[in-house]
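Coordinates from start_6.csv are shown below (CSV, C-alpha atoms and all ligand atoms).
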```
chain,number,residue,atom,x,y,z
N,1,MET,CA,-8.0,31.0,19.4
N,2,LEU,CA,-8.3,30.9,15.6
N,3,ILE,CA,-8.7,34.4,14.1
N,4,ILE,CA,-10.4,34.5,10.7
N,5,LYS,CA,-11.0,37.7,8.7
N,6,SER,CA,-12.4,36.3,5.5
N,7,ALA,CA,-16.0,35.4,4.9
N,8,LYS,CA,-15.1,32.5,2.7
N,9,LEU,CA,-12.6,31.1,5.2
N,10,ILE,CA,-15.0,31.3,8.2
N,11,GLN,CA,-17.7,29.5,6.1
N,12,GLU,CA,-15.3,26.7,5.3
N,13,HIS,CA,-14.1,26.5,8.9
N,14,ILE,CA,-17.7,26.2,10.2
N,15,GLU,CA,-18.7,23.8,7.5
N,16,LYS,CA,-15.8,21.5,8.6
N,17,LEU,CA,-16.9,21.6,12.3
N,18,ARG,CA,-20.5,20.9,11.4
N,19,MET,CA,-19.4,17.9,9.3
N,20,LYS,CA,-17.8,16.5,12.4
N,21,GLY,CA,-21.1,16.9,14.3
N,22,ILE,CA,-19.7,19.7,16.6
N,23,CYS,CA,-22.2,21.9,18.3
N,24,ILE,CA,-21.4,25.6,17.8
N,25,GLY,CA,-22.4,28.6,19.9
N,26,PHE,CA,-22.1,32.0,18.2
N,27,VAL,CA,-21.7,35.3,20.0
N,28,PRO,CA,-21.9,38.4,17.7
N,29,THR,CA,-20.4,41.6,19.2
N,30,MET,CA,-19.2,45.0,18.1
N,31,GLY,CA,-16.1,44.7,20.1
N,32,ALA,CA,-14.9,47.0,23.0
N,33,LEU,CA,-15.5,43.9,25.0
N,34,HIS,CA,-16.4,43.9,28.7
N,35,GLU,CA,-17.5,41.3,31.3
N,36,GLY,CA,-21.0,41.3,29.8
N,37,HIS,CA,-19.7,40.0,26.5
N,38,ILE,CA,-17.3,37.6,28.2
N,39,SER,CA,-20.0,36.1,30.4
N,40,ILE,CA,-21.9,35.2,27.2
N,41,ILE,CA,-18.8,33.6,25.8
N,42,ARG,CA,-18.5,31.6,29.1
N,43,GLN,CA,-22.1,30.5,28.9
N,44,SER,CA,-21.6,29.3,25.3
N,45,LYS,CA,-18.4,27.5,26.4
N,46,ARG,CA,-20.3,25.7,29.1
N,47,GLU,CA,-23.2,24.7,26.8
N,48,GLN,CA,-21.6,24.1,23.4
N,49,GLN,CA,-18.5,22.3,22.0
N,50,HIS,CA,-17.2,25.2,20.0
N,51,THR,CA,-17.7,28.9,20.6
N,52,VAL,CA,-17.4,31.5,17.8
N,53,ALA,CA,-17.3,35.2,18.6
N,54,SER,CA,-17.5,37.9,16.0
N,55,ILE,CA,-16.3,41.5,16.2
N,56,PHE,CA,-17.8,43.8,13.6
N,57,VAL,CA,-18.9,47.4,14.1
N,58,ASN,CA,-21.9,47.2,11.8
N,59,PRO,CA,-22.3,50.5,9.8
N,60,THR,CA,-25.9,49.7,8.7
N,61,GLN,CA,-27.3,49.7,12.2
N,62,PHE,CA,-26.0,53.2,13.1
N,63,ASN,CA,-28.7,55.8,12.4
N,64,ASN,CA,-26.4,58.5,13.8
N,65,PRO,CA,-23.0,58.8,11.9
N,66,SER,CA,-21.2,60.4,14.8
N,67,ASP,CA,-22.2,57.5,17.1
N,68,PHE,CA,-20.6,55.2,14.5
N,69,GLU,CA,-17.4,57.2,14.3
N,70,LYS,CA,-17.1,57.5,18.1
N,71,TYR,CA,-17.8,53.8,18.7
N,72,PRO,CA,-14.8,52.5,20.7
N,73,VAL,CA,-12.4,50.1,19.0
N,74,THR,CA,-10.1,48.1,21.3
N,75,VAL,CA,-9.3,45.0,19.1
N,76,GLU,CA,-6.0,44.0,20.8
N,77,ASN,CA,-7.6,44.0,24.2
N,78,ASP,CA,-10.7,42.2,22.9
N,79,ILE,CA,-8.5,39.4,21.5
N,80,GLU,CA,-6.8,39.0,24.9
N,81,MET,CA,-10.1,38.9,26.7
N,82,LEU,CA,-11.5,36.3,24.3
N,83,GLU,CA,-8.4,34.1,24.5
N,84,ALA,CA,-8.5,34.3,28.3
N,85,ALA,CA,-12.2,33.2,28.3
N,86,GLY,CA,-11.3,30.2,26.0
N,87,CYS,CA,-13.2,31.4,22.9
N,88,ASP,CA,-12.4,29.0,20.1
N,89,THR,CA,-12.8,31.1,17.0
N,90,LEU,CA,-13.0,34.9,16.4
N,91,PHE,CA,-14.4,36.2,13.1
N,92,LEU,CA,-13.0,39.6,12.6
N,93,PRO,CA,-14.1,40.9,9.2
N,94,GLU,CA,-13.7,44.2,7.4
N,95,VAL,CA,-16.8,45.8,6.0
N,96,GLU,CA,-16.3,44.4,2.5
N,97,GLU,CA,-16.4,40.8,3.8
N,98,ILE,CA,-19.9,41.4,5.3
N,99,TYR,CA,-21.2,43.7,2.6
N,100,PRO,CA,-19.5,42.8,-0.7
N,101,PRO,CA,-20.3,44.9,-3.8
N,102,ASP,CA,-22.9,42.4,-4.9
N,103,PHE,CA,-24.7,42.3,-1.5
N,104,VAL,CA,-28.4,42.9,-1.8
N,105,LYS,CA,-30.1,44.7,1.1
N,106,LYS,CA,-33.4,43.3,2.0
N,107,PHE,CA,-36.3,44.5,4.1
N,108,TYR,CA,-37.6,42.7,7.2
N,109,ASP,CA,-41.2,43.0,8.2
N,110,LEU,CA,-40.7,43.6,11.9
N,111,GLY,CA,-44.3,44.9,12.5
N,112,TYR,CA,-44.7,47.0,15.6
N,113,LEU,CA,-41.2,46.2,16.9
N,114,GLU,CA,-39.8,48.5,14.2
N,115,THR,CA,-41.6,51.6,15.4
N,116,ILE,CA,-41.7,51.4,19.2
N,117,LEU,CA,-39.0,52.4,21.8
N,118,GLU,CA,-35.5,52.0,20.1
N,119,GLY,CA,-37.2,51.7,16.7
N,120,ALA,CA,-38.9,55.1,17.2
N,121,PHE,CA,-35.7,56.9,18.3
N,122,ARG,CA,-33.3,55.0,15.9
N,123,PRO,CA,-35.1,54.7,12.6
N,124,GLY,CA,-33.6,52.0,10.4
N,125,HIS,CA,-31.5,50.6,13.3
N,126,PHE,CA,-33.3,47.2,13.5
N,127,GLN,CA,-33.2,46.7,9.8
N,128,GLY,CA,-29.4,47.1,10.0
N,129,VAL,CA,-29.3,44.7,13.0
N,130,CYS,CA,-31.3,42.0,11.0
N,131,LEU,CA,-29.2,42.5,8.0
N,132,VAL,CA,-25.9,41.9,9.8
N,133,VAL,CA,-27.2,39.0,12.1
N,134,GLU,CA,-28.7,37.2,9.1
N,135,ARG,CA,-25.5,37.6,7.1
N,136,LEU,CA,-23.4,36.5,10.0
N,137,LEU,CA,-25.6,33.4,10.6
N,138,ARG,CA,-25.4,32.5,6.9
N,139,LEU,CA,-21.6,32.5,7.2
N,140,ILE,CA,-21.6,30.9,10.7
N,141,PRO,CA,-24.6,28.6,10.8
N,142,ALA,CA,-24.3,27.9,14.5
N,143,GLN,CA,-26.8,25.7,16.3
N,144,VAL,CA,-27.2,28.3,19.1
N,145,LEU,CA,-27.1,32.1,18.8
N,146,TYR,CA,-26.4,34.0,22.1
N,147,LEU,CA,-27.7,37.5,22.7
N,148,GLY,CA,-27.8,39.7,25.8
N,149,GLU,CA,-31.0,40.7,27.5
N,150,LYS,CA,-29.4,44.1,28.0
N,151,ASP,CA,-30.7,44.7,24.4
N,152,TYR,CA,-34.2,43.4,25.1
N,153,GLN,CA,-35.9,44.7,22.0
N,154,GLN,CA,-33.0,43.5,19.8
N,155,CYS,CA,-33.5,40.0,21.2
N,156,MET,CA,-37.2,40.2,20.1
N,157,VAL,CA,-36.3,41.6,16.7
N,158,VAL,CA,-33.7,38.9,16.0
N,159,ALA,CA,-36.2,36.2,17.1
N,160,ARG,CA,-38.6,37.7,14.5
N,161,MET,CA,-35.9,37.8,11.8
N,162,ILE,CA,-35.1,34.1,12.5
N,163,GLU,CA,-38.8,33.4,12.1
N,164,LEU,CA,-39.1,35.4,8.9
N,165,THR,CA,-36.0,33.8,7.3
N,166,GLY,CA,-36.5,30.3,8.6
N,167,LEU,CA,-32.9,30.1,9.8
N,168,ASN,CA,-32.3,26.9,11.7
N,169,VAL,CA,-30.8,28.4,14.9
N,170,GLN,CA,-31.9,28.4,18.6
N,171,LEU,CA,-31.8,31.8,20.3
N,172,LYS,CA,-30.5,31.9,23.9
N,173,ILE,CA,-30.7,35.1,25.9
N,174,ALA,CA,-28.0,35.8,28.5
N,175,PRO,CA,-28.6,37.9,31.6
N,176,THR,CA,-27.4,41.5,31.9
N,177,ILE,CA,-24.1,41.9,33.7
N,178,ARG,CA,-23.7,45.0,35.8
N,179,GLU,CA,-21.0,46.9,37.6
N,180,SER,CA,-21.2,46.5,41.4
N,181,THR,CA,-22.9,49.9,41.3
N,182,GLY,CA,-25.8,48.6,39.2
N,183,LEU,CA,-24.7,50.3,36.0
N,184,ALA,CA,-25.2,47.9,33.1
N,185,MET,CA,-21.9,47.2,31.4
N,186,SER,CA,-21.8,48.7,27.9
N,187,SER,CA,-19.1,49.5,25.4
N,188,ARG,CA,-20.4,53.0,25.4
N,189,ASN,CA,-19.6,53.4,29.2
N,190,ARG,CA,-16.0,53.9,28.1
N,191,ARG,CA,-17.0,57.3,26.7
N,192,LEU,CA,-18.4,58.5,30.1
N,193,THR,CA,-16.4,61.0,32.1
N,194,PRO,CA,-16.0,60.0,35.8
N,195,ASP,CA,-18.8,62.5,36.7
N,196,ALA,CA,-21.1,61.1,34.0
N,197,THR,CA,-20.3,57.6,35.2
N,198,LYS,CA,-21.6,58.5,38.6
N,199,ALA,CA,-24.7,60.3,37.2
N,200,ALA,CA,-25.3,57.2,35.0
N,201,LEU,CA,-26.2,55.2,38.1
N,202,ALA,CA,-29.5,57.0,37.9
N,203,ILE,CA,-30.7,54.6,35.2
N,204,HIS,CA,-30.4,51.6,37.5
N,205,GLU,CA,-31.9,53.7,40.3
N,206,ALA,CA,-34.9,54.6,38.2
N,207,LEU,CA,-35.5,51.0,37.1
N,208,THR,CA,-35.2,49.8,40.7
N,209,TYR,CA,-37.6,52.5,41.7
N,210,LEU,CA,-40.1,51.3,39.1
N,211,LYS,CA,-39.7,47.7,40.4
N,212,ASN,CA,-39.9,48.5,44.1
N,213,GLN,CA,-42.8,51.0,43.9
N,214,LEU,CA,-44.9,49.1,41.4
N,215,THR,CA,-48.6,48.8,42.4
N,216,THR,CA,-51.7,47.9,40.4
N,217,GLY,CA,-53.6,50.7,38.6
N,218,THR,CA,-52.3,53.6,36.7
N,219,LEU,CA,-48.5,53.8,36.2
N,220,ASN,CA,-48.2,57.4,35.1
N,221,GLU,CA,-47.1,58.8,38.5
N,222,LEU,CA,-44.6,56.0,39.0
N,223,ILE,CA,-43.1,56.7,35.5
N,224,ALA,CA,-43.0,60.4,36.1
N,225,PHE,CA,-41.1,59.9,39.3
N,226,ALA,CA,-38.6,57.6,37.6
N,227,GLU,CA,-38.1,60.2,34.8
N,228,ASN,CA,-37.4,62.7,37.5
N,229,ILE,CA,-34.6,60.6,38.9
N,230,LEU,CA,-33.0,60.8,35.4
N,231,LEU,CA,-33.6,64.5,34.9
N,232,LYS,CA,-32.2,65.4,38.3
N,233,ASN,CA,-29.0,63.7,37.2
N,234,GLY,CA,-28.6,65.6,34.0
N,235,PHE,CA,-30.1,63.0,31.6
N,236,LYS,CA,-32.0,63.8,28.4
N,237,ILE,CA,-34.7,61.2,28.2
N,238,ASP,CA,-35.8,59.3,25.1
N,239,TYR,CA,-38.1,57.0,27.0
N,240,VAL,CA,-39.0,55.5,30.4
N,241,SER,CA,-41.5,52.8,29.5
N,242,VAL,CA,-43.3,50.0,31.2
N,243,THR,CA,-44.4,47.2,28.9
N,244,ASP,CA,-45.4,43.6,28.9
N,245,GLN,CA,-42.9,40.9,27.9
N,246,LYS,CA,-43.8,41.5,24.2
N,247,LEU,CA,-43.0,45.2,24.6
N,248,GLN,CA,-46.7,46.4,24.4
N,249,LEU,CA,-47.0,49.5,26.5
N,250,ILE,CA,-48.8,49.2,29.8
N,251,ASP,CA,-50.2,52.3,31.5
N,252,ASN,CA,-52.6,50.6,33.9
N,253,TRP,CA,-51.4,47.4,35.6
N,254,ASP,CA,-53.7,44.5,36.4
N,255,GLY,CA,-51.3,43.2,39.1
N,256,LYS,CA,-50.7,40.0,37.1
N,257,THR,CA,-49.2,40.7,33.7
N,258,PRO,CA,-45.4,40.3,33.9
N,259,LEU,CA,-43.8,43.7,33.3
N,260,VAL,CA,-40.5,45.1,32.0
N,261,GLY,CA,-39.2,48.6,32.6
N,262,LEU,CA,-37.1,50.1,29.8
N,263,ILE,CA,-35.0,53.2,29.7
N,264,ALA,CA,-33.1,55.1,27.0
N,265,ALA,CA,-31.4,58.3,27.9
N,266,THR,CA,-28.4,60.4,27.0
N,267,ILE,CA,-25.8,62.0,29.3
N,268,HIS,CA,-22.9,64.0,28.0
N,269,GLU,CA,-23.7,62.9,24.5
N,270,VAL,CA,-23.5,59.2,25.4
N,271,ARG,CA,-26.8,57.4,24.8
N,272,LEU,CA,-27.4,54.5,27.2
N,273,ILE,CA,-30.1,51.9,27.4
N,274,ASP,CA,-31.1,49.4,30.1
N,275,ASN,CA,-34.1,47.4,31.2
N,276,MET,CA,-35.3,45.3,34.2
N,277,LYS,CA,-38.0,42.8,34.8
N,278,LEU,CA,-40.3,44.5,37.2
N,279,THR,CA,-42.2,41.5,38.4
N,280,GLY,CA,-41.0,38.1,39.5
N,281,THR,CA,-37.9,37.4,41.4
N,282,ASP,CA,-35.1,38.4,39.0
N,301,LIG,P1,-22.6,44.8,21.4
N,301,LIG,O1,-21.2,44.6,21.3
N,301,LIG,O2,-23.0,45.9,22.3
N,301,LIG,O3,-23.4,44.7,20.1
N,301,LIG,O4,-23.2,43.5,22.3
N,301,LIG,C1,-22.9,42.2,21.9
N,301,LIG,C2,-23.8,41.3,22.7
N,301,LIG,O5,-23.5,41.4,24.1
N,301,LIG,C3,-25.3,41.7,22.5
N,301,LIG,O6,-26.0,40.5,22.4
N,301,LIG,C4,-25.6,42.4,23.8
N,301,LIG,O7,-26.9,42.4,24.2
N,301,LIG,C5,-24.7,41.7,24.8
N,301,LIG,N1,-24.4,42.6,25.9
N,301,LIG,C6,-24.0,43.9,25.9
N,301,LIG,N2,-23.9,44.4,27.1
N,301,LIG,C7,-24.2,43.4,28.0
N,301,LIG,C8,-24.2,43.2,29.4
N,301,LIG,N3,-24.0,44.2,30.2
N,301,LIG,N4,-24.6,42.0,29.9
N,301,LIG,C9,-24.8,41.0,29.1
N,301,LIG,N5,-24.8,41.0,27.7
N,301,LIG,C10,-24.5,42.2,27.2
```

Would you write the structure of this file as structure tokens?
Ligand code: AMP
Amino acid sequence: MLIIKSAKLIQEHIEKLRMKGICIGFVPTMGALHEGHISIIRQSKREQQHTVASIFVNPTQFNNPSDFEKYPVTVENDIEMLEAAGCDTLFLPEVEEIYPPDFVKKFYDLGYLETILEGAFRPGHFQGVCLVVERLLRLIPAQVLYLGEKDYQQCMVVARMIELTGLNVQLKIAPTIRESTGLAMSSRNRRLTPDATKAALAIHEALTYLKNQLTTGTLNELIAFAENILLKNGFKIDYVSVTDQKLQLIDNWDGKTPLVGLIAATIHEVRLIDNMKLTGTD
């Protein structure tokens, strides 16, 4: 695997590949890699001729400085995992490569996506996500960008950013990979104590409850019950929400609209998010 740290060199490398007509899949990450990330790398490997991963803990998307400081960094292990998965190129920049002194921040009109759910609890977060993903895609103009459904709202935000900027890239969304217990894999899980890891299963339990108990009509009681599962396990809840696929809140279900359940909650100072399609077979 080729490891490139400089913005200029990655641009030149990708340019050469594109000149040869090679199809590139790009998988941006913040490192502390787990099987969820690696499954996306494998998908890109299956579907594209050349897979590029990036590892960059993006300061502009952290609204909480202590979350940024505590974000796990495991670069050596990450490199081993990427090599084992057959990743072709890793872009591993320092902050100055992504945000040089002459970098001009811009504002993305994300509409309602900016202020709901994660947007409401993490002000500015999605502006930071757009900033870094646009910058990365300008350096790595891949044909296909791979993101994980685990960050459902992020996928929608990035789709909007692609629309706004006119970047010529296809977005593919990879399924969420879970531990055998149902806990969605996340870099932040490393910060959970063994007790908190057990309690964290309540997130999947609450989502599964929403899915299994869903009936037409008002959803208030259903949501209150799911909240209770989290509270009983020591979580502080940011939201337990049921929405349509575009993330519009649904409080009364017509029995037809495809629904998604989304949860954000904190246990032992670790904030976790997860989501599940509540209708259909997956
Ligand atoms: P992150 O390093 O957390 O920024 O994640 C990098 C990419 O991996 C994002 O597109 C995430 O949505 C995706 N991802 C994170 N966790 C998982 C998971 N458990 N399953 C599948 N994809 C994931």

As a PDB file with C-alpha atoms, in the frame of the given file, please: every protein or nucleic acid residue near ligand LIG 301 (chain N) (cut-off 9 Å, counting all atoms listed in the file).
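In the end it all went to out_39.pdb:
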```
ATOM      1  CA  VAL N  27     -21.700  35.300  20.000  1.00  0.00           C
ATOM      2  CA  PRO N  28     -21.900  38.400  17.700  1.00  0.00           C
ATOM      3  CA  THR N  29     -20.400  41.600  19.200  1.00  0.00           C
ATOM      4  CA  MET N  30     -19.200  45.000  18.100  1.00  0.00           C
ATOM      5  CA  GLY N  31     -16.100  44.700  20.100  1.00  0.00           C
ATOM      6  CA  ALA N  32     -14.900  47.000  23.000  1.00  0.00           C
ATOM      7  CA  LEU N  33     -15.500  43.900  25.000  1.00  0.00           C
ATOM      8  CA  HIS N  34     -16.400  43.900  28.700  1.00  0.00           C
ATOM      9  CA  GLU N  35     -17.500  41.300  31.300  1.00  0.00           C
ATOM     10  CA  GLY N  36     -21.000  41.300  29.800  1.00  0.00           C
ATOM     11  CA  HIS N  37     -19.700  40.000  26.500  1.00  0.00           C
ATOM     12  CA  ILE N  38     -17.300  37.600  28.200  1.00  0.00           C
ATOM     13  CA  SER N  39     -20.000  36.100  30.400  1.00  0.00           C
ATOM     14  CA  ILE N  40     -21.900  35.200  27.200  1.00  0.00           C
ATOM     15  CA  ILE N  55     -16.300  41.500  16.200  1.00  0.00           C
ATOM     16  CA  PHE N  56     -17.800  43.800  13.600  1.00  0.00           C
ATOM     17  CA  VAL N  57     -18.900  47.400  14.100  1.00  0.00           C
ATOM     18  CA  ASN N  58     -21.900  47.200  11.800  1.00  0.00           C
ATOM     19  CA  TYR N 146     -26.400  34.000  22.100  1.00  0.00           C
ATOM     20  CA  LEU N 147     -27.700  37.500  22.700  1.00  0.00           C
ATOM     21  CA  GLY N 148     -27.800  39.700  25.800  1.00  0.00           C
ATOM     22  CA  GLU N 149     -31.000  40.700  27.500  1.00  0.00           C
ATOM     23  CA  LYS N 150     -29.400  44.100  28.000  1.00  0.00           C
ATOM     24  CA  ASP N 151     -30.700  44.700  24.400  1.00  0.00           C
ATOM     25  CA  TYR N 152     -34.200  43.400  25.100  1.00  0.00           C
ATOM     26  CA  GLN N 154     -33.000  43.500  19.800  1.00  0.00           C
ATOM     27  CA  CYS N 155     -33.500  40.000  21.200  1.00  0.00           C
ATOM     28  CA  ILE N 173     -30.700  35.100  25.900  1.00  0.00           C
ATOM     29  CA  ALA N 174     -28.000  35.800  28.500  1.00  0.00           C
ATOM     30  CA  PRO N 175     -28.600  37.900  31.600  1.00  0.00           C
ATOM     31  CA  THR N 176     -27.400  41.500  31.900  1.00  0.00           C
ATOM     32  CA  ILE N 177     -24.100  41.900  33.700  1.00  0.00           C
ATOM     33  CA  ARG N 178     -23.700  45.000  35.800  1.00  0.00           C
ATOM     34  CA  GLU N 179     -21.000  46.900  37.600  1.00  0.00           C
ATOM     35  CA  LEU N 183     -24.700  50.300  36.000  1.00  0.00           C
ATOM     36  CA  ALA N 184     -25.200  47.900  33.100  1.00  0.00           C
ATOM     37  CA  MET N 185     -21.900  47.200  31.400  1.00  0.00           C
ATOM     38  CA  SER N 186     -21.800  48.700  27.900  1.00  0.00           C
ATOM     39  CA  SER N 187     -19.100  49.500  25.400  1.00  0.00           C
ATOM     40  CA  ARG N 188     -20.400  53.000  25.400  1.00  0.00           C
ATOM     41  CA  ASP N 274     -31.100  49.400  30.100  1.00  0.00           C
TER      42      ASP N 274
END
```

Legend entry - Distance query Gly255 (chain N) at most 7 Å, all atoms listed in the file, self and fewer than 2 positions along chain excluded, as a list of chain:residue names: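 These residues fall inside the cut-off: N:Thr216, N:Trp253, N:Thr257.
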
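For the choices N:Pro100, N:Pro194, N:Gly119, N:Pro141, the atom-to-atom distance to Phe26 (chain N) is smallest for N:Pro141 when using only C-alpha atoms.
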
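Take the candidates N:Glu69, N:Cys130, N:Leu110, N:Leu2 and check each one against Gly86 (chain N) using only C-alpha atoms; the shortest distance goes to N:Leu2.
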
Inset, instruction - Give as a PyMOL selection string the set of residues within 12 Å of the point (-47.9, 44.6, 26.6), where distances use the file's coordinates and all atoms listed in the file. - result: chain N and resi 112-113+116+241-254+256-261

Inset, instruction - Go through N:His125, N:His268, N:His50, N:Lys45 and flag the residue nearest Ile140 (chain N), using only C-alpha atoms for the distances. - result: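 With only C-alpha atoms as the atom set, the closest residue is N:His50.
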
Inset, instruction - Compile the contact shell of Thr165 (chain N) as a list in words: residues with an atom at most 12 Å away, counting all atoms listed in the file, same-chain residues fewer than 4 positions apart removed. - result: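 The residues that qualify are Lys106, Phe107, Tyr108, Asp109, Leu110, Cys130, Leu131, Val133, Glu134, Arg135, Leu137, Arg138, Val158, Ala159, Arg160, Met161 and Val169 of chain N.
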
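For the pair CA of Ala200 (chain N) and CA of Gly217 (chain N), the interatomic distance is 29.3 Å.
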
Legend entry - Of the listed residues N:Ile4, N:Leu201, N:Ile229, N:Leu262, that which approaches Thr181 (chain N) most closely, counting only C-alpha atoms: N:Leu201

Inset, instruction - Give the answer as one residue: which of N:Leu82, N:Pro72, N:Lys172, N:Val157 has the shortest atom-to-atom distance to Val270 (chain N), using all atoms listed in the file? - result: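 Nearest candidate to Val270 (chain N) out of N:Leu82, N:Pro72, N:Lys172, N:Val157: N:Pro72.
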
Inset, instruction - Between N:Thr279, N:Gln61, N:Gln43, N:Thr115, single out the one closest to Leu145 (chain N), counting all atoms listed in the file. - result: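 For Leu145 (chain N), the nearest of the given residues is N:Gln43.
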
Legend entry - Interatomic distance, CA of Glu94 (chain N) to CA of Lys16 (chain N) (Å, one decimal):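 These atoms are spaced 22.8 Å apart.
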
Can you rebuild region 58-69 of chain N with N, CA and C atoms and give it as a PDB file, in the frame of the given file?
```
ATOM      1  N   ASN N  58     -21.020  47.318  12.950  1.00  0.00           N
ATOM      2  CA  ASN N  58     -21.900  47.200  11.800  1.00  0.00           C
ATOM      3  C   ASN N  58     -22.415  48.602  11.336  1.00  0.00           C
ATOM      4  N   PRO N  59     -21.899  49.146  10.214  1.00  0.00           N
ATOM      5  CA  PRO N  59     -22.300  50.500   9.800  1.00  0.00           C
ATOM      6  C   PRO N  59     -23.830  50.627   9.579  1.00  0.00           C
ATOM      7  N   THR N  60     -24.464  49.541   9.117  1.00  0.00           N
ATOM      8  CA  THR N  60     -25.900  49.700   8.700  1.00  0.00           C
ATOM      9  C   THR N  60     -26.829  49.810   9.896  1.00  0.00           C
ATOM     10  N   GLN N  61     -26.334  49.619  11.120  1.00  0.00           N
ATOM     11  CA  GLN N  61     -27.300  49.700  12.200  1.00  0.00           C
ATOM     12  C   GLN N  61     -27.105  51.061  13.003  1.00  0.00           C
ATOM     13  N   PHE N  62     -26.188  51.927  12.483  1.00  0.00           N
ATOM     14  CA  PHE N  62     -26.000  53.200  13.100  1.00  0.00           C
ATOM     15  C   PHE N  62     -26.823  54.263  12.386  1.00  0.00           C
ATOM     16  N   ASN N  63     -27.876  54.767  13.027  1.00  0.00           N
ATOM     17  CA  ASN N  63     -28.700  55.800  12.400  1.00  0.00           C
ATOM     18  C   ASN N  63     -27.968  57.171  12.561  1.00  0.00           C
ATOM     19  N   ASN N  64     -27.045  57.238  13.547  1.00  0.00           N
ATOM     20  CA  ASN N  64     -26.400  58.500  13.800  1.00  0.00           C
ATOM     21  C   ASN N  64     -24.865  58.313  13.467  1.00  0.00           C
ATOM     22  N   PRO N  65     -24.387  58.993  12.369  1.00  0.00           N
ATOM     23  CA  PRO N  65     -23.000  58.800  11.900  1.00  0.00           C
ATOM     24  C   PRO N  65     -21.967  59.084  12.967  1.00  0.00           C
ATOM     25  N   SER N  66     -22.232  60.064  13.830  1.00  0.00           N
ATOM     26  CA  SER N  66     -21.200  60.400  14.800  1.00  0.00           C
ATOM     27  C   SER N  66     -21.098  59.313  15.890  1.00  0.00           C
ATOM     28  N   ASP N  67     -22.221  58.634  16.173  1.00  0.00           N
ATOM     29  CA  ASP N  67     -22.200  57.500  17.100  1.00  0.00           C
ATOM     30  C   ASP N  67     -21.310  56.392  16.527  1.00  0.00           C
ATOM     31  N   PHE N  68     -21.432  56.180  15.222  1.00  0.00           N
ATOM     32  CA  PHE N  68     -20.600  55.200  14.500  1.00  0.00           C
ATOM     33  C   PHE N  68     -19.135  55.525  14.619  1.00  0.00           C
ATOM     34  N   GLU N  69     -18.836  56.801  14.288  1.00  0.00           N
ATOM     35  CA  GLU N  69     -17.400  57.200  14.300  1.00  0.00           C
ATOM     36  C   GLU N  69     -16.823  57.153  15.674  1.00  0.00           C
TER      37      GLU N  69
END
```
